[in-house]
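work_16.csv follows; it contains CSV, C-alpha atoms and all ligand atoms.
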chain,number,residue,atom,x,y,z
A,169,MET,CA,81.3,63.5,85.8
A,170,HIS,CA,77.8,64.9,86.2
A,171,SER,CA,75.7,64.4,89.2
A,172,ILE,CA,73.1,61.7,88.6
A,173,PHE,CA,70.5,64.4,88.9
A,174,GLU,CA,71.7,66.0,85.7
A,175,ALA,CA,73.6,63.4,83.8
A,176,SER,CA,71.9,61.7,80.9
A,177,PRO,CA,74.1,58.7,79.9
A,178,THR,CA,74.0,58.1,76.2
A,179,PRO,CA,70.3,57.4,75.3
A,180,VAL,CA,69.6,57.0,71.6
A,181,LEU,CA,67.4,59.9,70.7
A,182,SER,CA,65.0,60.0,67.8
A,183,SER,CA,65.7,62.6,65.1
A,184,ALA,CA,62.8,64.7,66.4
A,185,ALA,CA,64.7,65.1,69.7
A,186,SER,CA,68.2,65.2,68.4
A,187,THR,CA,67.6,68.1,66.1
A,188,ALA,CA,67.3,70.3,69.1
A,189,GLU,CA,70.4,68.9,70.8
A,190,GLN,CA,72.5,71.3,72.8
A,191,PRO,CA,76.1,71.0,73.8
A,192,ARG,CA,76.4,68.7,76.8
A,193,GLY,CA,76.7,70.7,79.9
A,194,GLN,CA,73.8,72.9,79.1
A,195,TRP,CA,71.3,70.6,80.8
A,196,LEU,CA,67.8,71.8,81.5
A,197,ALA,CA,66.2,70.7,84.7
A,198,SER,CA,63.3,68.3,84.4
A,199,GLY,CA,60.1,69.9,85.4
A,200,GLY,CA,60.4,73.2,83.5
A,201,GLU,CA,61.5,76.7,84.4
A,202,ASP,CA,59.1,77.6,87.2
A,203,PRO,CA,60.9,76.8,90.5
A,204,SER,CA,57.6,76.9,92.4
A,205,GLN,CA,56.2,73.9,90.7
A,206,PHE,CA,57.2,70.7,88.8
A,207,ASN,CA,55.7,70.4,85.4
A,208,TRP,CA,55.3,66.7,84.6
A,209,GLN,CA,55.1,67.4,80.9
A,210,GLU,CA,58.7,68.7,80.9
A,211,ALA,CA,60.3,65.4,81.7
A,212,TRP,CA,61.1,62.1,80.0
A,213,HIS,CA,58.8,59.2,80.8
A,214,PRO,CA,59.3,55.5,80.1
A,215,ILE,CA,56.3,54.0,78.3
A,216,ALA,CA,57.4,50.5,77.3
A,217,TYR,CA,60.2,47.9,77.4
A,218,VAL,CA,61.5,47.8,73.9
A,219,GLN,CA,61.5,44.0,74.0
A,220,ASP,CA,57.7,44.1,74.5
A,221,LEU,CA,57.1,46.2,71.3
A,222,GLU,CA,56.5,44.5,68.0
A,223,PRO,CA,57.9,46.5,65.0
A,224,SER,CA,55.2,45.3,62.6
A,225,GLN,CA,52.3,46.4,65.0
A,226,LEU,CA,51.0,49.6,66.3
A,227,SER,CA,50.9,50.0,70.1
A,228,THR,CA,49.1,52.5,72.3
A,229,PHE,CA,49.7,54.2,75.6
A,230,THR,CA,48.1,57.1,77.4
A,231,LEU,CA,50.5,59.5,79.1
A,232,LEU,CA,49.3,62.3,81.2
A,233,GLU,CA,45.8,61.9,79.7
A,234,GLN,CA,47.2,62.1,76.1
A,235,ASP,CA,46.5,59.1,73.9
A,236,LEU,CA,49.6,58.0,72.0
A,237,VAL,CA,50.4,55.6,69.2
A,238,ILE,CA,53.8,53.9,69.2
A,239,TRP,CA,55.3,52.6,65.9
A,240,TRP,CA,58.5,51.5,64.3
A,241,ASP,CA,59.8,53.9,61.7
A,242,ARG,CA,61.5,51.4,59.4
A,243,PRO,CA,63.1,54.0,57.0
A,244,ALA,CA,64.7,55.8,60.0
A,245,GLN,CA,65.2,52.7,62.1
A,246,THR,CA,63.7,54.3,65.2
A,247,TRP,CA,60.6,54.1,67.4
A,248,ARG,CA,58.1,56.9,67.0
A,249,VAL,CA,55.4,58.2,69.3
A,250,PHE,CA,52.6,60.2,67.8
A,251,VAL,CA,49.6,61.9,69.3
A,252,ASP,CA,47.0,59.3,68.5
A,253,GLN,CA,44.8,61.6,66.5
A,254,CYS,CA,44.7,62.2,62.8
A,255,PRO,CA,44.9,66.0,61.8
A,256,HIS,CA,42.2,65.4,59.2
A,257,ARG,CA,39.1,64.2,61.1
A,258,LEU,CA,40.7,63.1,64.4
A,259,ALA,CA,40.5,59.4,63.8
A,260,PRO,CA,42.8,57.3,66.0
A,261,LEU,CA,46.0,56.5,64.0
A,262,SER,CA,46.5,53.5,66.2
A,263,GLU,CA,43.7,51.8,64.2
A,264,GLY,CA,45.6,52.3,61.0
A,265,ARG,CA,48.5,50.4,59.6
A,266,ILE,CA,52.2,50.7,58.6
A,267,THR,CA,52.4,50.8,54.8
A,268,PRO,CA,54.8,48.7,52.7
A,269,ASP,CA,57.1,51.8,52.4
A,270,GLY,CA,57.2,52.2,56.2
A,271,LEU,CA,54.8,55.1,56.7
A,272,LEU,CA,51.9,55.4,59.1
A,273,GLU,CA,48.5,55.4,57.4
A,274,CYS,CA,45.3,56.7,58.9
A,275,PRO,CA,42.4,54.1,58.9
A,276,TYR,CA,39.7,56.7,57.9
A,277,HIS,CA,40.7,58.4,54.6
A,278,GLY,CA,44.3,57.0,54.2
A,279,TRP,CA,46.3,60.1,54.8
A,280,THR,CA,49.9,58.9,55.3
A,281,PHE,CA,52.6,60.2,57.6
A,282,SER,CA,56.4,59.9,57.9
A,283,GLY,CA,58.2,59.5,61.2
A,284,SER,CA,58.6,63.3,61.7
A,285,GLY,CA,54.8,63.7,61.5
A,286,GLN,CA,54.9,65.2,58.0
A,287,CYS,CA,51.9,64.2,55.8
A,288,CYS,CA,53.2,62.5,52.7
A,289,ARG,CA,50.1,61.3,50.8
A,290,ILE,CA,46.5,62.4,50.6
A,291,PRO,CA,44.8,59.9,48.3
A,292,GLN,CA,41.9,62.2,47.5
A,293,GLN,CA,44.1,65.1,46.7
A,294,VAL,CA,43.7,66.6,43.2
A,295,ASP,CA,46.8,67.4,41.2
A,296,GLY,CA,48.3,70.8,41.7
A,297,HIS,CA,47.1,71.3,45.3
A,298,PRO,CA,49.9,70.0,47.6
A,299,VAL,CA,47.8,70.4,50.7
A,300,GLU,CA,49.8,67.7,52.4
A,301,GLN,CA,52.6,70.3,52.7
A,302,SER,CA,50.5,72.4,55.0
A,303,ARG,CA,51.5,72.4,58.7
A,304,ARG,CA,47.9,71.7,59.5
A,305,ALA,CA,48.3,68.3,57.8
A,306,CYS,CA,51.1,67.3,60.2
A,307,VAL,CA,50.6,65.0,63.2
A,308,GLN,CA,52.5,65.7,66.4
A,309,SER,CA,55.6,63.4,66.6
A,310,LEU,CA,56.9,63.4,70.2
A,311,PRO,CA,60.7,63.1,70.9
A,312,THR,CA,61.7,59.6,71.9
A,313,ALA,CA,64.7,58.0,73.4
A,314,VAL,CA,65.8,54.4,73.9
A,315,ALA,CA,68.0,53.6,76.8
A,316,GLN,CA,68.6,50.7,79.2
A,317,GLY,CA,66.1,48.6,77.2
A,318,MET,CA,63.2,51.1,77.6
A,319,LEU,CA,61.4,53.5,75.3
A,320,PHE,CA,61.1,57.0,76.7
A,321,VAL,CA,58.9,59.9,75.4
A,322,TYR,CA,59.0,63.6,76.1
A,323,PRO,CA,55.5,65.1,76.1
A,324,GLY,CA,56.5,68.7,76.8
A,325,GLN,CA,58.1,71.3,74.5
A,326,SER,CA,60.0,69.3,72.0
A,327,GLU,CA,62.9,71.8,71.7
A,328,ARG,CA,63.7,71.1,75.4
A,329,ALA,CA,63.8,67.3,75.0
A,330,ALA,CA,67.4,66.8,73.9
A,331,SER,CA,68.7,69.0,76.7
A,332,THR,CA,66.7,67.4,79.4
A,333,PRO,CA,68.2,64.4,81.1
A,334,VAL,CA,66.7,61.0,80.5
A,335,PRO,CA,66.2,59.4,84.0
A,336,LEU,CA,68.4,56.4,84.0
A,337,VAL,CA,69.7,54.0,86.7
A,338,GLU,CA,73.3,55.0,87.1
A,339,PRO,CA,74.6,51.7,88.5
A,340,LEU,CA,73.3,49.9,85.4
A,341,GLU,CA,75.0,52.4,83.2
A,342,GLU,CA,78.4,52.0,84.9
A,343,ALA,CA,78.6,48.3,84.3
A,344,PRO,CA,75.8,47.2,82.0
A,345,ASP,CA,77.2,43.7,81.4
A,346,GLU,CA,77.5,42.8,85.1
A,347,TRP,CA,73.8,42.7,85.9
A,348,ILE,CA,71.1,40.1,85.6
A,349,VAL,CA,67.9,42.1,85.3
A,350,LEU,CA,64.4,40.8,85.9
A,351,ASP,CA,61.7,43.1,84.6
A,352,GLY,CA,58.0,43.5,85.3
A,353,VAL,CA,55.3,46.0,84.2
A,354,ARG,CA,51.9,46.6,85.5
A,355,ASP,CA,49.1,49.1,85.1
A,356,LEU,CA,47.6,50.1,88.5
A,357,PRO,CA,44.3,51.7,89.4
A,358,PHE,CA,45.8,54.4,91.6
A,359,ASP,CA,47.5,57.7,91.2
A,360,VAL,CA,51.2,57.9,90.3
A,361,LEU,CA,51.9,59.8,93.6
A,362,THR,CA,50.4,57.0,95.6
A,363,LEU,CA,52.6,54.5,93.9
A,364,LEU,CA,55.7,56.7,94.4
A,365,GLU,CA,55.0,57.1,98.0
A,366,ASN,CA,54.6,53.3,98.3
A,367,VAL,CA,57.9,52.3,96.6
A,368,LEU,CA,59.8,55.0,98.5
A,369,ASP,CA,58.5,53.7,101.8
A,370,PRO,CA,60.5,50.7,103.0
A,371,SER,CA,58.9,50.9,106.5
A,372,HIS,CA,55.9,48.9,105.2
A,373,LEU,CA,58.0,45.9,104.1
A,374,PRO,CA,58.1,44.1,107.5
A,375,PHE,CA,54.3,44.0,107.7
A,376,ALA,CA,52.9,44.2,104.2
A,377,HIS,CA,55.5,41.7,102.8
A,378,HIS,CA,55.9,39.5,105.9
A,379,ARG,CA,57.3,36.1,104.9
A,380,SER,CA,58.2,37.2,101.3
A,381,VAL,CA,60.6,40.0,101.4
A,382,GLY,CA,59.7,41.2,104.9
A,383,ASP,CA,59.6,40.1,108.5
A,384,ARG,CA,57.4,41.6,111.2
A,385,SER,CA,59.9,40.7,114.0
A,386,ILE,CA,62.5,43.2,112.7
A,387,ALA,CA,60.3,46.2,112.3
A,388,GLY,CA,61.6,49.3,114.0
A,389,PRO,CA,62.7,52.9,113.6
A,390,MET,CA,64.3,53.6,110.3
A,391,ASP,CA,66.8,56.5,109.8
A,392,LEU,CA,67.6,57.8,106.3
A,393,ASP,CA,70.7,60.0,106.2
A,394,VAL,CA,69.9,62.3,103.2
A,395,THR,CA,73.1,63.1,101.4
A,396,HIS,CA,71.5,65.2,98.6
A,397,SER,CA,68.1,66.8,98.1
A,398,ASP,CA,66.8,69.4,95.7
A,399,ARG,CA,63.9,69.9,93.2
A,400,GLN,CA,65.4,67.1,91.0
A,401,GLY,CA,65.3,64.4,93.7
A,402,PHE,CA,67.1,63.1,96.6
A,403,GLN,CA,69.6,60.4,97.7
A,404,GLY,CA,70.3,58.9,101.1
A,405,ILE,CA,71.7,56.0,102.9
A,406,TRP,CA,69.8,54.0,105.5
A,407,GLU,CA,71.7,53.7,108.7
A,408,THR,CA,72.6,50.0,109.0
A,409,ALA,CA,71.8,49.7,112.6
A,410,VAL,CA,68.2,50.6,112.2
A,411,GLY,CA,67.5,50.5,108.5
A,412,PRO,CA,65.6,47.9,106.4
A,413,LYS,CA,66.3,44.5,107.9
A,414,LYS,CA,68.1,46.3,110.7
A,415,GLY,CA,71.2,46.3,108.7
A,416,GLN,CA,71.6,42.5,108.9
A,417,PHE,CA,71.9,42.4,105.1
A,418,GLY,CA,74.2,45.3,104.7
A,419,THR,CA,73.8,48.9,103.8
A,420,GLN,CA,71.1,50.3,101.5
A,421,LEU,CA,71.0,53.5,99.4
A,422,THR,CA,67.9,55.1,98.1
A,423,THR,CA,67.8,57.4,95.1
A,424,PHE,CA,64.8,59.4,93.8
A,425,ILE,CA,65.1,61.2,90.4
A,426,ALA,CA,62.1,63.4,89.9
A,427,PRO,CA,59.4,62.9,88.9
A,428,ASN,CA,59.3,59.2,88.1
A,429,LEU,CA,62.3,57.1,89.0
A,430,MET,CA,63.6,55.6,92.3
A,431,TRP,CA,65.8,52.7,93.2
A,432,HIS,CA,67.0,51.1,96.4
A,433,ASP,CA,70.6,49.7,96.2
A,434,LEU,CA,71.4,47.0,98.7
A,435,THR,CA,74.8,45.3,99.0
A,436,THR,CA,74.9,42.3,101.4
A,437,GLN,CA,77.8,41.4,103.6
A,438,GLU,CA,78.5,38.6,101.1
A,439,LYS,CA,78.9,41.2,98.4
A,440,ASN,CA,75.7,40.3,96.6
A,441,ARG,CA,74.1,43.5,95.2
A,442,THR,CA,70.5,44.0,94.5
A,443,LEU,CA,68.7,47.0,93.1
A,444,THR,CA,64.9,47.5,93.4
A,445,VAL,CA,64.0,49.9,90.6
A,446,ALA,CA,60.6,51.5,90.0
A,447,TYR,CA,59.6,53.8,87.2
A,448,CYS,CA,56.2,55.3,87.9
A,449,THR,CA,54.6,56.6,84.8
A,450,PRO,CA,51.4,58.7,85.0
A,451,ILE,CA,48.6,57.5,82.7
A,452,ARG,CA,45.9,59.8,84.0
A,453,LYS,CA,44.7,61.0,87.4
A,454,GLY,CA,44.1,57.8,89.4
A,455,GLU,CA,46.0,55.5,87.0
A,456,CYS,CA,49.6,54.8,86.5
A,457,ARG,CA,52.0,52.2,85.0
A,458,LEU,CA,54.7,50.6,87.1
A,459,PHE,CA,57.9,49.4,85.5
A,460,ALA,CA,59.6,47.3,88.2
A,461,ARG,CA,63.2,46.2,87.5
A,462,PHE,CA,65.3,43.9,89.7
A,463,PRO,CA,69.0,44.0,88.7
A,464,PHE,CA,71.3,41.5,90.5
A,465,GLN,CA,75.0,41.0,90.9
A,466,PHE,CA,76.2,37.9,92.7
A,467,ALA,CA,79.5,37.2,94.3
A,468,SER,CA,79.4,33.6,93.1
A,469,PRO,CA,78.4,32.3,89.7
A,470,LEU,CA,75.7,29.8,90.8
A,471,PRO,CA,72.8,32.2,91.5
A,472,ALA,CA,73.3,33.8,88.1
A,473,ILE,CA,73.2,30.4,86.3
A,474,LEU,CA,70.0,29.5,88.1
A,475,MET,CA,68.4,32.8,87.3
A,476,ASN,CA,69.4,32.6,83.7
A,477,HIS,CA,67.6,29.2,83.5
A,478,THR,CA,64.5,30.3,85.3
A,479,PRO,CA,61.6,30.8,82.9
A,480,SER,CA,60.0,34.3,83.0
A,481,TRP,CA,56.7,32.9,84.1
A,482,ALA,CA,58.2,31.7,87.4
A,483,PHE,CA,59.4,35.3,88.0
A,484,HIS,CA,55.9,36.6,87.3
A,485,LEU,CA,54.4,34.1,89.9
A,486,LEU,CA,56.9,35.3,92.5
A,487,GLN,CA,56.2,38.9,91.7
A,488,ASN,CA,52.5,38.4,92.1
A,489,SER,CA,52.9,36.7,95.4
A,490,ILE,CA,54.8,39.8,96.7
A,491,LEU,CA,52.3,42.3,95.2
A,492,ARG,CA,49.3,40.4,96.7
A,493,MET,CA,50.4,41.1,100.2
A,494,ILE,CA,48.8,44.4,100.7
A,495,LYS,CA,45.9,43.9,98.3
A,496,PHE,CA,43.8,46.9,99.2
A,497,SER,CA,46.0,49.5,100.9
A,498,CYS,CA,47.0,51.6,97.9
A,499,THR,CA,43.7,51.2,96.2
A,500,PHE,CA,41.6,52.3,99.2
A,501,ARG,CA,44.0,55.1,100.1
A,502,ASN,CA,43.8,56.5,96.6
A,503,ALA,CA,40.0,56.3,96.7
A,504,ILE,CA,39.9,58.3,99.9
A,505,LEU,CA,42.3,60.9,98.5
A,506,CYS,CA,40.2,61.2,95.4
A,507,GLY,CA,37.2,62.3,97.5
A,508,GLY,CA,35.3,59.1,96.9
A,509,LYS,CA,34.5,60.0,93.3
A,510,THR,CA,36.4,57.0,92.0
A,511,VAL,CA,35.6,54.6,94.8
A,512,ASP,CA,33.1,52.5,92.9
A,513,ARG,CA,35.4,52.1,89.9
A,514,LEU,CA,38.4,51.3,92.1
A,515,LEU,CA,36.4,48.8,94.1
A,516,LYS,CA,35.5,47.1,90.8
A,517,LEU,CA,39.1,47.0,89.8
A,518,SER,CA,40.2,45.7,93.2
A,519,THR,CA,38.0,42.7,92.7
A,520,CYS,CA,40.2,41.7,89.7
A,521,PRO,CA,42.8,39.1,90.5
A,522,PRO,CA,44.8,40.6,93.3
A,523,GLU,CA,48.0,40.8,91.4
A,524,LEU,CA,46.4,43.5,89.3
A,525,THR,CA,45.8,45.8,92.2
A,526,VAL,CA,48.3,45.3,94.9
A,527,LEU,CA,51.6,46.8,95.9
B,601,LIG,S1,40.7,61.2,59.6
B,601,LIG,FE1,42.6,60.5,59.0
B,601,LIG,S2,42.6,60.6,56.9
B,601,LIG,FE2,40.7,61.4,57.5
B,602,FE,FE,55.4,46.9,98.9
Rewrite the structure of this file - the entire thing - as structure tokens.
Ligand code: FES
Ligand SMILES: [Fe+2]
Amino acid sequence: MHSIFEASPTPVLSSAASTAEQPRGQWLASGGEDPSQFNWQEAWHPIAYVQDLEPSQLSTFTLLEQDLVIWWDRPAQTWRVFVDQCPHRLAPLSEGRITPDGLLECPYHGWTFSGSGQCCRIPQQVDGHPVEQSRRACVQSLPTAVAQGMLFVYPGQSERAASTPVPLVEPLEEAPDEWIVLDGVRDLPFDVLTLLENVLDPSHLPFAHHRSVGDRSIAGPMDLDVTHSDRQGFQGIWETAVGPKKGQFGTQLTTFIAPNLMWHDLTTQEKNRTLTVAYCTPIRKGECRLFARFPFQFASPLPAILMNHTPSWAFHLLQNSILRMIKFSCTFRNAILCGGKTVDRLLKLSTCPPELTVL
């Protein structure tokens, strides 16, 4: 059994990734070779829940300042992620369309691309000049993987992708049918590091989330016994006597897998188990996307029945009420750390409905 910091449980890789697959056991560390820094390009990042993607439509995302187009490659039956830029005159491919034969067509002059990024047709091309076979006519197709209901993309060196572990939630992988999972996604106007610091910091719960998931009266020292820590992340257990909720709900584990995944794992004395999972995906400096997942296991069947019959909009209302609690803290903190340059913009964003701006 691999450690969770190197294991990559059975994601479905696109052919662009699997062509470079190495024998299991030769895992490459996320973050690249240089031990003195962590290269965010050399890691898998989730960019969407698969259930939110529409196979007949083109979708977009910006990852680490790179605009991307997401599309369903019908011939290969896999999701593709291309750099959203045509190699001809740089038009955004996301404004194009999927052709009847399942290729991606540029909206400007109609160059057409297969899932590997190969140019297949240039409508203006005269016979005898197969320019579409030139490497310069190709578009960059990034390695993709689908796992645990999410689409991941690898923005770094593609030959490293298949050997780099996809960050997955190990407890979900161990017993996928035993969880009821509530999912949320939100784009946030602060840096991914600010978000990571927030979700890894349970000490704010009693105050920022008083009367929802927190209680001021039980605030106190919190002691994390770190059981593992290295460049790829850390894992620890909160001492029950002084941890979140002062241990009254049982023990809690926290796991961080660099650079973008963390989860808290809480098992109550009644044997109900709850994970609080956060994937934090960098869009660009000062902006990120949060994927919040809440997997539950219940000792009795009744809560599961109720949750299965609760409409998703009810969950969104609950989520918003939690997020609203500390409306400005992350936004203002991020503005200060950014040297004030983005304050005006952040302030504008923070006047949006509070659920758009709060953690
Ligand atoms: S810019 Fe895409 S075909 Fe010309
Ligand atoms: Fe919070």
How would you write, as an mmCIF file with C-alpha atoms, in the coordinates of the input, the set of residues no farther than 9 Å from ligand LIG 601 (chain B) when counting only C-alpha atoms and all ligand atoms?
data_model
loop_
_atom_site.group_PDB
_atom_site.id
_atom_site.type_symbol
_atom_site.label_atom_id
_atom_site.label_comp_id
_atom_site.auth_asym_id
_atom_site.auth_seq_id
_atom_site.Cartn_x
_atom_site.Cartn_y
_atom_site.Cartn_z
ATOM 1 C CA GLN A 253 44.800 61.600 66.500
ATOM 2 C CA CYS A 254 44.700 62.200 62.800
ATOM 3 C CA PRO A 255 44.900 66.000 61.800
ATOM 4 C CA HIS A 256 42.200 65.400 59.200
ATOM 5 C CA ARG A 257 39.100 64.200 61.100
ATOM 6 C CA LEU A 258 40.700 63.100 64.400
ATOM 7 C CA ALA A 259 40.500 59.400 63.800
ATOM 8 C CA PRO A 260 42.800 57.300 66.000
ATOM 9 C CA LEU A 261 46.000 56.500 64.000
ATOM 10 C CA GLY A 264 45.600 52.300 61.000
ATOM 11 C CA GLU A 273 48.500 55.400 57.400
ATOM 12 C CA CYS A 274 45.300 56.700 58.900
ATOM 13 C CA PRO A 275 42.400 54.100 58.900
ATOM 14 C CA TYR A 276 39.700 56.700 57.900
ATOM 15 C CA HIS A 277 40.700 58.400 54.600
ATOM 16 C CA GLY A 278 44.300 57.000 54.200
ATOM 17 C CA TRP A 279 46.300 60.100 54.800
ATOM 18 C CA THR A 280 49.900 58.900 55.300
ATOM 19 C CA ILE A 290 46.500 62.400 50.600
ATOM 20 C CA PRO A 291 44.800 59.900 48.300
#
- Pairwise distance for atom CA of Ala305 of chain A and atom CA of Gln286 of chain A, rounded to one decimal in Å: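 Distance between the two atoms: 7.3 Å.
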- List the neighbours of Thr449 of chain A out to 9 Å using all atoms listed in the file; skip same-chain residues closer than 5 positions along the sequence, and give me the result as a PyMOL selection string. chain A and resi 213-215+231-232+360+427-429+455-459
- Taking into account all atoms listed in the file, which residue in the set A:Ser480, A:Pro463, A:Asn366, A:Ile386 is nearest to ligand FE 602 (chain B)?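 Closest residue, counting all atoms listed in the file: A:Asn366.
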- Which residue out of A:Ala467, A:Val445, A:Ala343, A:Ala376 has the minimum interatomic distance to ligand FE 602 (chain B) when only C-alpha atoms and all ligand atoms are used?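 Smallest separation from ligand FE 602 (chain B) among the options: A:Ala376.
One distance worth recording is that between atom CA of Pro370 of chain A and atom CA of Arg461 of chain A, which is 16.4 Å.
Taking atom CA of Ala313 of chain A and atom CA of Leu361 of chain A as the two end points, the separation is 24.0 Å.
Comparing the minimum interatomic distances between Glu327 of chain A and each of A:Leu363, A:Pro374, A:Val394, A:Leu196, counting all atoms listed in the file, we find that A:Leu196 sits nearest.
Using only C-alpha atoms, the smallest distance between any of A:Leu421, A:Leu368, A:Val249, A:Ala472 and Trp347 of chain A comes from A:Ala472.
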- Item | Selected residue, from A:Thr436, A:Ser468, A:Asn476, A:Thr444, that lies nearest to ligand FE 602 (chain B) when counting all atoms listed in the file | A:Thr444
- Task: Have a look at A:Ala197, A:Ala330, A:Leu236, A:Val381 and name the one nearest to ligand FE 602 (chain B); count all atoms listed in the file.
- Result: A:Val381
- Message: At a cut-off of 10 Å, using all atoms listed in the file, what residues contact Asp398 of chain A? Leave out same-chain residues fewer than 3 positions from it and give the result as a list in words.
- Response: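 Answer for this query is Phe173, Gly401, Phe402, Gln403, Ile425 and Ala426 of chain A.
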Take segment 281-298 of chain A, bring it up to N, CA and C atoms, and give me the output as a JSON list (two decimals), in the coordinates of the input.
[["chain", "number", "residue", "atom", "x", "y", "z"],
["A", 281, "PHE", "N", 51.67, 59.35, 56.91],
["A", 281, "PHE", "CA", 52.60, 60.20, 57.60],
["A", 281, "PHE", "C", 53.98, 59.56, 57.75],
["A", 282, "SER", "N", 55.02, 60.39, 57.61],
["A", 282, "SER", "CA", 56.40, 59.90, 57.90],
["A", 282, "SER", "C", 56.68, 60.04, 59.38],
["A", 283, "GLY", "N", 57.84, 59.55, 59.78],
["A", 283, "GLY", "CA", 58.20, 59.50, 61.20],
["A", 283, "GLY", "C", 58.25, 60.89, 61.85],
["A", 284, "SER", "N", 58.55, 61.92, 61.08],
["A", 284, "SER", "CA", 58.60, 63.30, 61.70],
["A", 284, "SER", "C", 57.22, 63.86, 61.87],
["A", 285, "GLY", "N", 56.19, 63.17, 61.37],
["A", 285, "GLY", "CA", 54.80, 63.70, 61.50],
["A", 285, "GLY", "C", 54.35, 64.38, 60.22],
["A", 286, "GLN", "N", 55.24, 64.50, 59.25],
["A", 286, "GLN", "CA", 54.90, 65.20, 58.00],
["A", 286, "GLN", "C", 53.89, 64.31, 57.20],
["A", 287, "CYS", "N", 52.84, 64.95, 56.67],
["A", 287, "CYS", "CA", 51.90, 64.20, 55.80],
["A", 287, "CYS", "C", 52.58, 64.02, 54.43],
["A", 288, "CYS", "N", 52.56, 62.79, 53.96],
["A", 288, "CYS", "CA", 53.20, 62.50, 52.70],
["A", 288, "CYS", "C", 52.26, 62.20, 51.57],
["A", 289, "ARG", "N", 51.08, 61.66, 51.90],
["A", 289, "ARG", "CA", 50.10, 61.30, 50.80],
["A", 289, "ARG", "C", 48.70, 61.62, 51.32],
["A", 290, "ILE", "N", 47.90, 62.24, 50.42],
["A", 290, "ILE", "CA", 46.50, 62.40, 50.60],
["A", 290, "ILE", "C", 45.81, 61.77, 49.40],
["A", 291, "PRO", "N", 45.28, 60.57, 49.52],
["A", 291, "PRO", "CA", 44.80, 59.90, 48.30],
["A", 291, "PRO", "C", 43.76, 60.63, 47.53],
["A", 292, "GLN", "N", 42.95, 61.46, 48.22],
["A", 292, "GLN", "CA", 41.90, 62.20, 47.50],
["A", 292, "GLN", "C", 42.32, 63.49, 46.93],
["A", 293, "GLN", "N", 43.57, 63.84, 47.10],
["A", 293, "GLN", "CA", 44.10, 65.10, 46.70],
["A", 293, "GLN", "C", 44.12, 65.25, 45.15],
["A", 294, "VAL", "N", 43.58, 66.36, 44.60],
["A", 294, "VAL", "CA", 43.70, 66.60, 43.20],
["A", 294, "VAL", "C", 45.05, 67.16, 42.83],
["A", 295, "ASP", "N", 45.50, 66.95, 41.63],
["A", 295, "ASP", "CA", 46.80, 67.40, 41.20],
["A", 295, "ASP", "C", 46.90, 68.96, 41.33],
["A", 296, "GLY", "N", 48.09, 69.40, 41.71],
["A", 296, "GLY", "CA", 48.30, 70.80, 41.70],
["A", 296, "GLY", "C", 47.94, 71.51, 43.04],
["A", 297, "HIS", "N", 47.46, 70.75, 44.00],
["A", 297, "HIS", "CA", 47.10, 71.30, 45.30],
["A", 297, "HIS", "C", 47.82, 70.51, 46.41],
["A", 298, "PRO", "N", 49.07, 70.83, 46.62],
["A", 298, "PRO", "CA", 49.90, 70.00, 47.60],
["A", 298, "PRO", "C", 49.50, 70.33, 49.03]]
